[in-house]
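Participant: data.cif is the file, holding mmCIF, N, CA, C and O atoms:
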```cif
data_model
#
loop_
_atom_site.group_PDB
_atom_site.id
_atom_site.type_symbol
_atom_site.label_atom_id
_atom_site.label_comp_id
_atom_site.auth_asym_id
_atom_site.auth_seq_id
_atom_site.Cartn_x
_atom_site.Cartn_y
_atom_site.Cartn_z
ATOM 1 N N MET A 27 28.142 -3.334 26.447
ATOM 2 C CA MET A 27 27.580 -2.116 25.897
ATOM 3 C C MET A 27 28.317 -1.745 24.627
ATOM 4 O O MET A 27 29.532 -1.788 24.574
ATOM 5 N N ILE A 28 27.581 -1.398 23.600
ATOM 6 C CA ILE A 28 28.154 -0.939 22.351
ATOM 7 C C ILE A 28 28.013 0.579 22.348
ATOM 8 O O ILE A 28 26.900 1.098 22.369
ATOM 9 N N TYR A 29 29.134 1.296 22.358
ATOM 10 C CA TYR A 29 29.113 2.749 22.495
ATOM 11 C C TYR A 29 28.397 3.405 21.324
ATOM 12 O O TYR A 29 28.530 2.975 20.184
ATOM 13 N N GLY A 30 27.617 4.447 21.656
ATOM 14 C CA GLY A 30 26.871 5.189 20.651
ATOM 15 C C GLY A 30 25.531 4.581 20.316
ATOM 16 O O GLY A 30 24.846 5.059 19.425
ATOM 17 N N THR A 31 25.167 3.510 21.016
ATOM 18 C CA THR A 31 23.877 2.869 20.767
ATOM 19 C C THR A 31 23.181 2.584 22.091
ATOM 20 O O THR A 31 23.808 2.549 23.141
ATOM 21 N N LYS A 32 21.892 2.370 22.026
ATOM 22 C CA LYS A 32 21.071 2.000 23.185
ATOM 23 C C LYS A 32 20.686 0.541 23.033
ATOM 24 O O LYS A 32 20.068 0.155 22.040
ATOM 25 N N LEU A 33 21.071 -0.279 24.002
ATOM 26 C CA LEU A 33 20.727 -1.700 23.959
ATOM 27 C C LEU A 33 19.240 -1.899 24.200
ATOM 28 O O LEU A 33 18.636 -1.222 25.023
ATOM 29 N N LEU A 34 18.666 -2.836 23.473
ATOM 30 C CA LEU A 34 17.271 -3.211 23.658
ATOM 31 C C LEU A 34 17.264 -4.453 24.544
ATOM 32 O O LEU A 34 17.495 -5.564 24.074
ATOM 33 N N ASP A 35 17.013 -4.263 25.813
ATOM 34 C CA ASP A 35 17.094 -5.351 26.784
ATOM 35 C C ASP A 35 15.761 -6.034 27.055
ATOM 36 O O ASP A 35 15.719 -7.224 27.331
ATOM 37 N N THR A 36 14.690 -5.278 27.017
ATOM 38 C CA THR A 36 13.398 -5.813 27.443
ATOM 39 C C THR A 36 12.473 -6.052 26.244
ATOM 40 O O THR A 36 12.690 -5.517 25.152
ATOM 41 N N ASP A 37 11.439 -6.832 26.483
ATOM 42 C CA ASP A 37 10.438 -7.074 25.443
ATOM 43 C C ASP A 37 9.783 -5.776 24.986
ATOM 44 O O ASP A 37 9.537 -5.592 23.801
ATOM 45 N N ILE A 38 9.502 -4.864 25.921
ATOM 46 C CA ILE A 38 8.832 -3.614 25.556
ATOM 47 C C ILE A 38 9.734 -2.752 24.670
ATOM 48 O O ILE A 38 9.250 -2.111 23.735
ATOM 49 N N GLU A 39 11.039 -2.750 24.925
ATOM 50 C CA GLU A 39 11.958 -1.989 24.071
ATOM 51 C C GLU A 39 12.008 -2.576 22.671
ATOM 52 O O GLU A 39 12.014 -1.831 21.679
ATOM 53 N N ILE A 40 12.025 -3.890 22.577
ATOM 54 C CA ILE A 40 12.026 -4.547 21.269
ATOM 55 C C ILE A 40 10.694 -4.298 20.563
ATOM 56 O O ILE A 40 10.658 -4.011 19.368
ATOM 57 N N PHE A 41 9.591 -4.368 21.306
ATOM 58 C CA PHE A 41 8.274 -4.119 20.738
ATOM 59 C C PHE A 41 8.172 -2.695 20.181
ATOM 60 O O PHE A 41 7.683 -2.486 19.065
ATOM 61 N N ILE A 42 8.639 -1.706 20.931
ATOM 62 C CA ILE A 42 8.582 -0.318 20.474
ATOM 63 C C ILE A 42 9.435 -0.115 19.230
ATOM 64 O O ILE A 42 9.022 0.561 18.286
ATOM 65 N N ALA A 43 10.624 -0.714 19.195
ATOM 66 C CA ALA A 43 11.483 -0.609 18.007
ATOM 67 C C ALA A 43 10.804 -1.229 16.791
ATOM 68 O O ALA A 43 10.876 -0.693 15.686
ATOM 69 N N ALA A 44 10.119 -2.355 17.001
ATOM 70 C CA ALA A 44 9.401 -3.006 15.895
ATOM 71 C C ALA A 44 8.218 -2.148 15.446
ATOM 72 O O ALA A 44 8.007 -1.959 14.245
ATOM 73 N N LEU A 45 7.466 -1.629 16.396
ATOM 74 C CA LEU A 45 6.278 -0.833 16.099
ATOM 75 C C LEU A 45 6.619 0.449 15.362
ATOM 76 O O LEU A 45 5.910 0.849 14.427
ATOM 77 N N THR A 46 7.702 1.103 15.746
ATOM 78 C CA THR A 46 8.098 2.373 15.134
ATOM 79 C C THR A 46 9.012 2.196 13.921
ATOM 80 O O THR A 46 9.442 3.187 13.325
ATOM 81 N N LYS A 47 9.318 0.941 13.601
ATOM 82 C CA LYS A 47 10.203 0.618 12.471
ATOM 83 C C LYS A 47 11.541 1.345 12.569
ATOM 84 O O LYS A 47 12.061 1.891 11.611
ATOM 85 N N THR A 48 12.087 1.301 13.775
ATOM 86 C CA THR A 48 13.398 1.891 14.042
ATOM 87 C C THR A 48 14.488 0.934 13.576
ATOM 88 O O THR A 48 14.436 -0.252 13.894
ATOM 89 N N PRO A 49 15.473 1.432 12.828
ATOM 90 C CA PRO A 49 16.582 0.549 12.431
ATOM 91 C C PRO A 49 17.310 -0.007 13.656
ATOM 92 O O PRO A 49 17.595 0.723 14.599
ATOM 93 N N VAL A 50 17.584 -1.296 13.605
ATOM 94 C CA VAL A 50 18.198 -2.016 14.720
ATOM 95 C C VAL A 50 19.507 -2.640 14.249
ATOM 96 O O VAL A 50 19.599 -3.136 13.131
ATOM 97 N N TYR A 51 20.506 -2.600 15.120
ATOM 98 C CA TYR A 51 21.775 -3.273 14.859
ATOM 99 C C TYR A 51 21.788 -4.597 15.613
ATOM 100 O O TYR A 51 21.335 -4.675 16.752
ATOM 101 N N VAL A 52 22.339 -5.621 14.981
ATOM 102 C CA VAL A 52 22.495 -6.932 15.617
ATOM 103 C C VAL A 52 23.984 -7.132 15.864
ATOM 104 O O VAL A 52 24.796 -7.001 14.944
ATOM 105 N N TRP A 53 24.340 -7.441 17.124
ATOM 106 C CA TRP A 53 25.735 -7.605 17.523
ATOM 107 C C TRP A 53 25.964 -9.012 18.063
ATOM 108 O O TRP A 53 25.090 -9.595 18.675
ATOM 109 N N SER A 54 27.162 -9.513 17.834
ATOM 110 C CA SER A 54 27.555 -10.807 18.361
ATOM 111 C C SER A 54 28.984 -10.703 18.879
ATOM 112 O O SER A 54 29.713 -9.775 18.530
ATOM 113 N N LEU A 55 29.387 -11.650 19.714
ATOM 114 C CA LEU A 55 30.749 -11.677 20.246
ATOM 115 C C LEU A 55 31.635 -12.573 19.392
ATOM 116 O O LEU A 55 31.229 -13.670 18.999
ATOM 117 N N ASP A 56 32.843 -12.101 19.116
ATOM 118 C CA ASP A 56 33.800 -12.963 18.431
ATOM 119 C C ASP A 56 34.523 -13.812 19.487
ATOM 120 O O ASP A 56 34.293 -13.650 20.683
ATOM 121 N N PRO A 57 35.381 -14.728 19.066
ATOM 122 C CA PRO A 57 36.060 -15.602 20.039
ATOM 123 C C PRO A 57 36.922 -14.864 21.061
ATOM 124 O O PRO A 57 37.263 -15.405 22.107
ATOM 125 N N PHE A 58 37.281 -13.593 20.764
ATOM 126 C CA PHE A 58 38.123 -12.811 21.671
ATOM 127 C C PHE A 58 37.303 -11.939 22.613
ATOM 128 O O PHE A 58 37.845 -11.144 23.365
ATOM 129 N N GLY A 59 35.975 -12.040 22.534
ATOM 130 C CA GLY A 59 35.114 -11.270 23.423
ATOM 131 C C GLY A 59 34.836 -9.856 22.960
ATOM 132 O O GLY A 59 34.448 -9.005 23.750
ATOM 133 N N VAL A 60 35.049 -9.604 21.674
ATOM 134 C CA VAL A 60 34.809 -8.282 21.098
ATOM 135 C C VAL A 60 33.519 -8.329 20.289
ATOM 136 O O VAL A 60 33.321 -9.247 19.482
ATOM 137 N N TYR A 61 32.653 -7.338 20.492
ATOM 138 C CA TYR A 61 31.406 -7.290 19.730
ATOM 139 C C TYR A 61 31.661 -6.839 18.303
ATOM 140 O O TYR A 61 32.485 -5.959 18.052
ATOM 141 N N TYR A 62 30.954 -7.460 17.370
ATOM 142 C CA TYR A 62 30.989 -7.030 15.974
ATOM 143 C C TYR A 62 29.563 -7.035 15.442
ATOM 144 O O TYR A 62 28.701 -7.768 15.913
ATOM 145 N N GLN A 63 29.329 -6.155 14.458
ATOM 146 C CA GLN A 63 27.987 -6.021 13.902
ATOM 147 C C GLN A 63 27.724 -7.145 12.910
ATOM 148 O O GLN A 63 28.461 -7.324 11.960
ATOM 149 N N VAL A 64 26.661 -7.896 13.156
ATOM 150 C CA VAL A 64 26.289 -9.027 12.315
ATOM 151 C C VAL A 64 25.365 -8.577 11.190
ATOM 152 O O VAL A 64 25.499 -9.012 10.055
ATOM 153 N N ASN A 65 24.423 -7.699 11.527
ATOM 154 C CA ASN A 65 23.414 -7.272 10.562
ATOM 155 C C ASN A 65 22.778 -5.997 11.093
ATOM 156 O O ASN A 65 22.997 -5.599 12.232
ATOM 157 N N SER A 66 21.982 -5.375 10.242
ATOM 158 C CA SER A 66 21.145 -4.255 10.663
ATOM 159 C C SER A 66 19.876 -4.305 9.842
ATOM 160 O O SER A 66 19.858 -4.836 8.734
ATOM 161 N N GLY A 67 18.810 -3.780 10.415
ATOM 162 C CA GLY A 67 17.544 -3.800 9.706
ATOM 163 C C GLY A 67 16.396 -3.482 10.638
ATOM 164 O O GLY A 67 16.579 -2.781 11.635
ATOM 165 N N PHE A 68 15.243 -4.029 10.330
ATOM 166 C CA PHE A 68 14.034 -3.734 11.072
ATOM 167 C C PHE A 68 13.472 -5.012 11.693
ATOM 168 O O PHE A 68 13.511 -6.072 11.075
ATOM 169 N N ILE A 69 12.944 -4.892 12.888
ATOM 170 C CA ILE A 69 12.365 -6.049 13.567
ATOM 171 C C ILE A 69 11.021 -6.375 12.934
ATOM 172 O O ILE A 69 10.140 -5.521 12.862
ATOM 173 N N VAL A 70 10.895 -7.610 12.462
ATOM 174 C CA VAL A 70 9.660 -8.083 11.849
ATOM 175 C C VAL A 70 8.821 -8.839 12.875
ATOM 176 O O VAL A 70 7.604 -8.724 12.909
ATOM 177 N N LYS A 71 9.499 -9.612 13.717
ATOM 178 C CA LYS A 71 8.829 -10.441 14.702
ATOM 179 C C LYS A 71 9.825 -10.758 15.804
ATOM 180 O O LYS A 71 11.029 -10.765 15.574
ATOM 181 N N TYR A 72 9.294 -11.044 16.996
ATOM 182 C CA TYR A 72 10.177 -11.485 18.069
ATOM 183 C C TYR A 72 9.439 -12.452 18.973
ATOM 184 O O TYR A 72 8.214 -12.475 19.033
ATOM 185 N N THR A 73 10.205 -13.277 19.611
ATOM 186 C CA THR A 73 9.703 -14.232 20.596
ATOM 187 C C THR A 73 10.570 -14.056 21.854
ATOM 188 O O THR A 73 11.553 -13.308 21.818
ATOM 189 N N PRO A 74 10.269 -14.745 22.927
ATOM 190 C CA PRO A 74 11.138 -14.655 24.101
ATOM 191 C C PRO A 74 12.569 -15.131 23.828
ATOM 192 O O PRO A 74 13.495 -14.765 24.550
ATOM 193 N N ASP A 75 12.758 -15.925 22.772
ATOM 194 C CA ASP A 75 14.083 -16.495 22.482
ATOM 195 C C ASP A 75 14.787 -15.904 21.271
ATOM 196 O O ASP A 75 16.009 -15.977 21.174
ATOM 197 N N GLU A 76 14.027 -15.351 20.313
ATOM 198 C CA GLU A 76 14.622 -14.913 19.049
ATOM 199 C C GLU A 76 13.988 -13.617 18.551
ATOM 200 O O GLU A 76 12.880 -13.268 18.938
ATOM 201 N N VAL A 77 14.743 -12.941 17.662
ATOM 202 C CA VAL A 77 14.257 -11.739 16.988
ATOM 203 C C VAL A 77 14.477 -11.934 15.495
ATOM 204 O O VAL A 77 15.561 -12.347 15.070
ATOM 205 N N ARG A 78 13.441 -11.637 14.712
ATOM 206 C CA ARG A 78 13.533 -11.763 13.263
ATOM 207 C C ARG A 78 13.765 -10.373 12.675
ATOM 208 O O ARG A 78 12.993 -9.443 12.908
ATOM 209 N N ILE A 79 14.848 -10.228 11.902
ATOM 210 C CA ILE A 79 15.265 -8.951 11.336
ATOM 211 C C ILE A 79 15.111 -8.971 9.816
ATOM 212 O O ILE A 79 15.559 -9.915 9.157
ATOM 213 N N LEU A 80 14.499 -7.909 9.282
ATOM 214 C CA LEU A 80 14.449 -7.678 7.837
ATOM 215 C C LEU A 80 15.671 -6.843 7.506
ATOM 216 O O LEU A 80 15.804 -5.707 7.973
ATOM 217 N N SER A 81 16.581 -7.381 6.721
ATOM 218 C CA SER A 81 17.859 -6.749 6.439
ATOM 219 C C SER A 81 17.687 -5.419 5.718
ATOM 220 O O SER A 81 16.859 -5.287 4.821
ATOM 221 N N GLU A 82 18.488 -4.415 6.122
ATOM 222 C CA GLU A 82 18.490 -3.121 5.431
ATOM 223 C C GLU A 82 19.116 -3.236 4.046
ATOM 224 O O GLU A 82 18.723 -2.532 3.134
ATOM 225 N N LYS A 83 20.100 -4.121 3.915
ATOM 226 C CA LYS A 83 20.813 -4.271 2.641
ATOM 227 C C LYS A 83 19.932 -4.895 1.569
ATOM 228 O O LYS A 83 19.964 -4.500 0.418
ATOM 229 N N ASP A 84 19.180 -5.908 1.950
ATOM 230 C CA ASP A 84 18.323 -6.634 1.008
ATOM 231 C C ASP A 84 16.940 -6.731 1.628
ATOM 232 O O ASP A 84 16.709 -7.561 2.507
ATOM 233 N N ALA A 85 16.029 -5.899 1.186
ATOM 234 C CA ALA A 85 14.701 -5.784 1.803
ATOM 235 C C ALA A 85 13.844 -7.036 1.648
ATOM 236 O O ALA A 85 12.715 -7.059 2.117
ATOM 237 N N THR A 86 14.363 -8.077 1.017
ATOM 238 C CA THR A 86 13.596 -9.314 0.871
ATOM 239 C C THR A 86 14.116 -10.426 1.778
ATOM 240 O O THR A 86 13.515 -11.485 1.847
ATOM 241 N N THR A 87 15.221 -10.173 2.480
ATOM 242 C CA THR A 87 15.849 -11.191 3.308
ATOM 243 C C THR A 87 15.549 -10.961 4.789
ATOM 244 O O THR A 87 15.751 -9.866 5.300
ATOM 245 N N THR A 88 15.061 -12.013 5.452
ATOM 246 C CA THR A 88 14.886 -11.952 6.903
ATOM 247 C C THR A 88 15.732 -13.045 7.540
ATOM 248 O O THR A 88 16.022 -14.064 6.924
ATOM 249 N N GLN A 89 16.112 -12.786 8.779
ATOM 250 C CA GLN A 89 16.973 -13.728 9.503
ATOM 251 C C GLN A 89 16.565 -13.731 10.968
ATOM 252 O O GLN A 89 16.305 -12.679 11.540
ATOM 253 N N TRP A 90 16.510 -14.920 11.572
ATOM 254 C CA TRP A 90 16.250 -15.056 13.002
ATOM 255 C C TRP A 90 17.573 -14.982 13.749
ATOM 256 O O TRP A 90 18.559 -15.596 13.342
ATOM 257 N N TYR A 91 17.589 -14.254 14.881
ATOM 258 C CA TYR A 91 18.778 -14.147 15.734
ATOM 259 C C TYR A 91 18.389 -14.482 17.170
ATOM 260 O O TYR A 91 17.373 -13.997 17.672
ATOM 261 N N SER A 92 19.214 -15.271 17.812
ATOM 262 C CA SER A 92 18.979 -15.673 19.193
ATOM 263 C C SER A 92 19.175 -14.474 20.123
ATOM 264 O O SER A 92 20.160 -13.739 20.004
ATOM 265 N N ARG A 93 18.257 -14.298 21.057
ATOM 266 C CA ARG A 93 18.384 -13.227 22.045
ATOM 267 C C ARG A 93 19.425 -13.588 23.099
ATOM 268 O O ARG A 93 19.947 -12.710 23.785
ATOM 269 N N GLU A 94 19.753 -14.862 23.211
ATOM 270 C CA GLU A 94 20.734 -15.305 24.191
ATOM 271 C C GLU A 94 22.159 -15.040 23.728
ATOM 272 O O GLU A 94 23.036 -14.700 24.521
ATOM 273 N N THR A 95 22.418 -15.185 22.432
ATOM 274 C CA THR A 95 23.785 -15.066 21.923
ATOM 275 C C THR A 95 24.046 -13.773 21.156
ATOM 276 O O THR A 95 25.176 -13.543 20.730
ATOM 277 N N ASN A 96 23.028 -12.946 20.958
ATOM 278 C CA ASN A 96 23.185 -11.682 20.237
ATOM 279 C C ASN A 96 22.617 -10.542 21.068
ATOM 280 O O ASN A 96 21.817 -10.765 21.974
ATOM 281 N N GLU A 97 23.058 -9.329 20.743
ATOM 282 C CA GLU A 97 22.497 -8.136 21.358
ATOM 283 C C GLU A 97 21.914 -7.266 20.254
ATOM 284 O O GLU A 97 22.383 -7.285 19.115
ATOM 285 N N PHE A 98 20.908 -6.496 20.620
ATOM 286 C CA PHE A 98 20.201 -5.644 19.666
ATOM 287 C C PHE A 98 20.244 -4.215 20.196
ATOM 288 O O PHE A 98 20.047 -3.998 21.392
ATOM 289 N N SER A 99 20.526 -3.273 19.303
ATOM 290 C CA SER A 99 20.624 -1.890 19.750
ATOM 291 C C SER A 99 20.105 -0.937 18.666
ATOM 292 O O SER A 99 19.949 -1.328 17.510
ATOM 293 N N ILE A 100 19.864 0.298 19.091
ATOM 294 C CA ILE A 100 19.450 1.360 18.177
ATOM 295 C C ILE A 100 20.386 2.543 18.385
ATOM 296 O O ILE A 100 20.989 2.702 19.451
ATOM 297 N N SER A 101 20.506 3.391 17.372
ATOM 298 C CA SER A 101 21.288 4.614 17.507
ATOM 299 C C SER A 101 20.527 5.616 18.341
ATOM 300 O O SER A 101 19.305 5.638 18.321
ATOM 301 N N PHE A 102 21.240 6.440 19.057
ATOM 302 C CA PHE A 102 20.585 7.525 19.792
ATOM 303 C C PHE A 102 21.304 8.814 19.593
ATOM 304 O O PHE A 102 22.344 8.909 19.071
#
```
As structure tokens, how would this structure be written, given the file I've shared?
Facilitator:
Amino acid sequence: MIYGTKLLDTDIEIFIAALTKTPVYVWSLDPFGVYYQVNSGFIVKYTPDEVRILSEKDATTTQWYSRETNEFSISF
């Protein structure tokens, strides 16, 4: 759990975040088991295995992230 955020665990949560264009944080684990923020942006597309994020920093860049090795969250 990343404090101060709501994890998007299910397909419906990811779908709603994409539909409402809610900013999403992408988190990954470092070698010591600590989460760090990889990217933030908007969900453009998702599959059962990956989520495609349009970066907030550069509105022309998209990146695919594995749902198995990354976590996705929103502020609440």
Participant: Between atom CA of A:Ile100 and atom CA of A:Lys32, what is the distance in Å, rounded to a tenth?
Facilitator: 5.3 Å
Participant: What are the DSSP strand (DSSP E or B) residues of chain A, as a PyMOL selection string?
Facilitator: chain A and resi 31-33+50-55+61-72+76-81+88-92+96-101
Participant: List the residues matched by the PyMOL selection byres ((chain A and resi 90) around 6) in the displayed structure as a PyMOL selection string, ordered by chain and then by residue number.
Facilitator: chain A and resi 77-79+88-89+91-92
Participant: Any chance you could export the current selection's N, CA, C and O atoms as an mmCIF file, in the coordinates of the input?
Facilitator:
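Contents of the output file result-v1.cif:
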```cif
data_model
loop_
_atom_site.group_PDB
_atom_site.id
_atom_site.type_symbol
_atom_site.label_atom_id
_atom_site.label_comp_id
_atom_site.auth_asym_id
_atom_site.auth_seq_id
_atom_site.Cartn_x
_atom_site.Cartn_y
_atom_site.Cartn_z
ATOM 1 N N VAL A 77 14.743 -12.941 17.662
ATOM 2 C CA VAL A 77 14.257 -11.739 16.988
ATOM 3 C C VAL A 77 14.477 -11.934 15.495
ATOM 4 O O VAL A 77 15.561 -12.347 15.070
ATOM 5 N N ARG A 78 13.441 -11.637 14.712
ATOM 6 C CA ARG A 78 13.533 -11.763 13.263
ATOM 7 C C ARG A 78 13.765 -10.373 12.675
ATOM 8 O O ARG A 78 12.993 -9.443 12.908
ATOM 9 N N ILE A 79 14.848 -10.228 11.902
ATOM 10 C CA ILE A 79 15.265 -8.951 11.336
ATOM 11 C C ILE A 79 15.111 -8.971 9.816
ATOM 12 O O ILE A 79 15.559 -9.915 9.157
ATOM 13 N N THR A 88 15.061 -12.013 5.452
ATOM 14 C CA THR A 88 14.886 -11.952 6.903
ATOM 15 C C THR A 88 15.732 -13.045 7.540
ATOM 16 O O THR A 88 16.022 -14.064 6.924
ATOM 17 N N GLN A 89 16.112 -12.786 8.779
ATOM 18 C CA GLN A 89 16.973 -13.728 9.503
ATOM 19 C C GLN A 89 16.565 -13.731 10.968
ATOM 20 O O GLN A 89 16.305 -12.679 11.540
ATOM 21 N N TYR A 91 17.589 -14.254 14.881
ATOM 22 C CA TYR A 91 18.778 -14.147 15.734
ATOM 23 C C TYR A 91 18.389 -14.482 17.170
ATOM 24 O O TYR A 91 17.373 -13.997 17.672
ATOM 25 N N SER A 92 19.214 -15.271 17.812
ATOM 26 C CA SER A 92 18.979 -15.673 19.193
ATOM 27 C C SER A 92 19.175 -14.474 20.123
ATOM 28 O O SER A 92 20.160 -13.739 20.004
#
```
Participant: Written as a VMD selection string, which residues does the PyMOL selection byres (((chain A and resi 97 and name CA) around 9) and name CA) give for the file shown?
Facilitator: chain A and resid 33 to 35 51 to 54 92 to 96 98 to 99
Participant: Neighbouring residues of A:Ala44 were defined as those with any atom within 8 Å, considering only N, CA, C and O atoms; residues of the same chain fewer than 2 positions away were excluded. Please report them as a PyMOL selection string.
Facilitator: chain A and resi 37-42+46-49+68-71+78
Participant: In Å, rounded to a single decimal, give me how far atom CA of A:Ala43 is from atom N of A:Ser81.
Facilitator: 14.1 Å
Participant: Determine which residues of chain A DSSP labels as helix (DSSP H, G or I) from the backbone of this structure, then write them out as a list in words.
Facilitator: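 Restricting chain A to helix (DSSP H, G or I) produces Asp37, Ile38, Glu39, Ile40, Phe41, Ile42, Ala43, Ala44 and Leu45 of chain A.
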Participant: Rounded to one decimal, what separation in Å do you get between atom CA of A:Phe58 and atom C of A:Tyr29?
Facilitator: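 Atom C of A:Tyr29 lies 18.9 Å from atom CA of A:Phe58.
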Participant: Counting only C-alpha atoms, which of A:Phe102, A:Tyr62, A:Asp56, A:Val50 gets nearest to A:Glu82?
Facilitator: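 Smallest distance to A:Glu82 is found for A:Val50.
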Participant: Return as lines of an AutoDock Vina configuration file the centre and edge lengths, in Å with one decimal, of the box along x, y and z that encloses every atom of stretch 77-88 of chain A in the file, padded by 4 Å per side.
Facilitator:
```
center_x = 16.8
center_y = -8.3
center_z = 9.0
size_x = 16.1
size_y = 19.5
size_z = 25.2
```
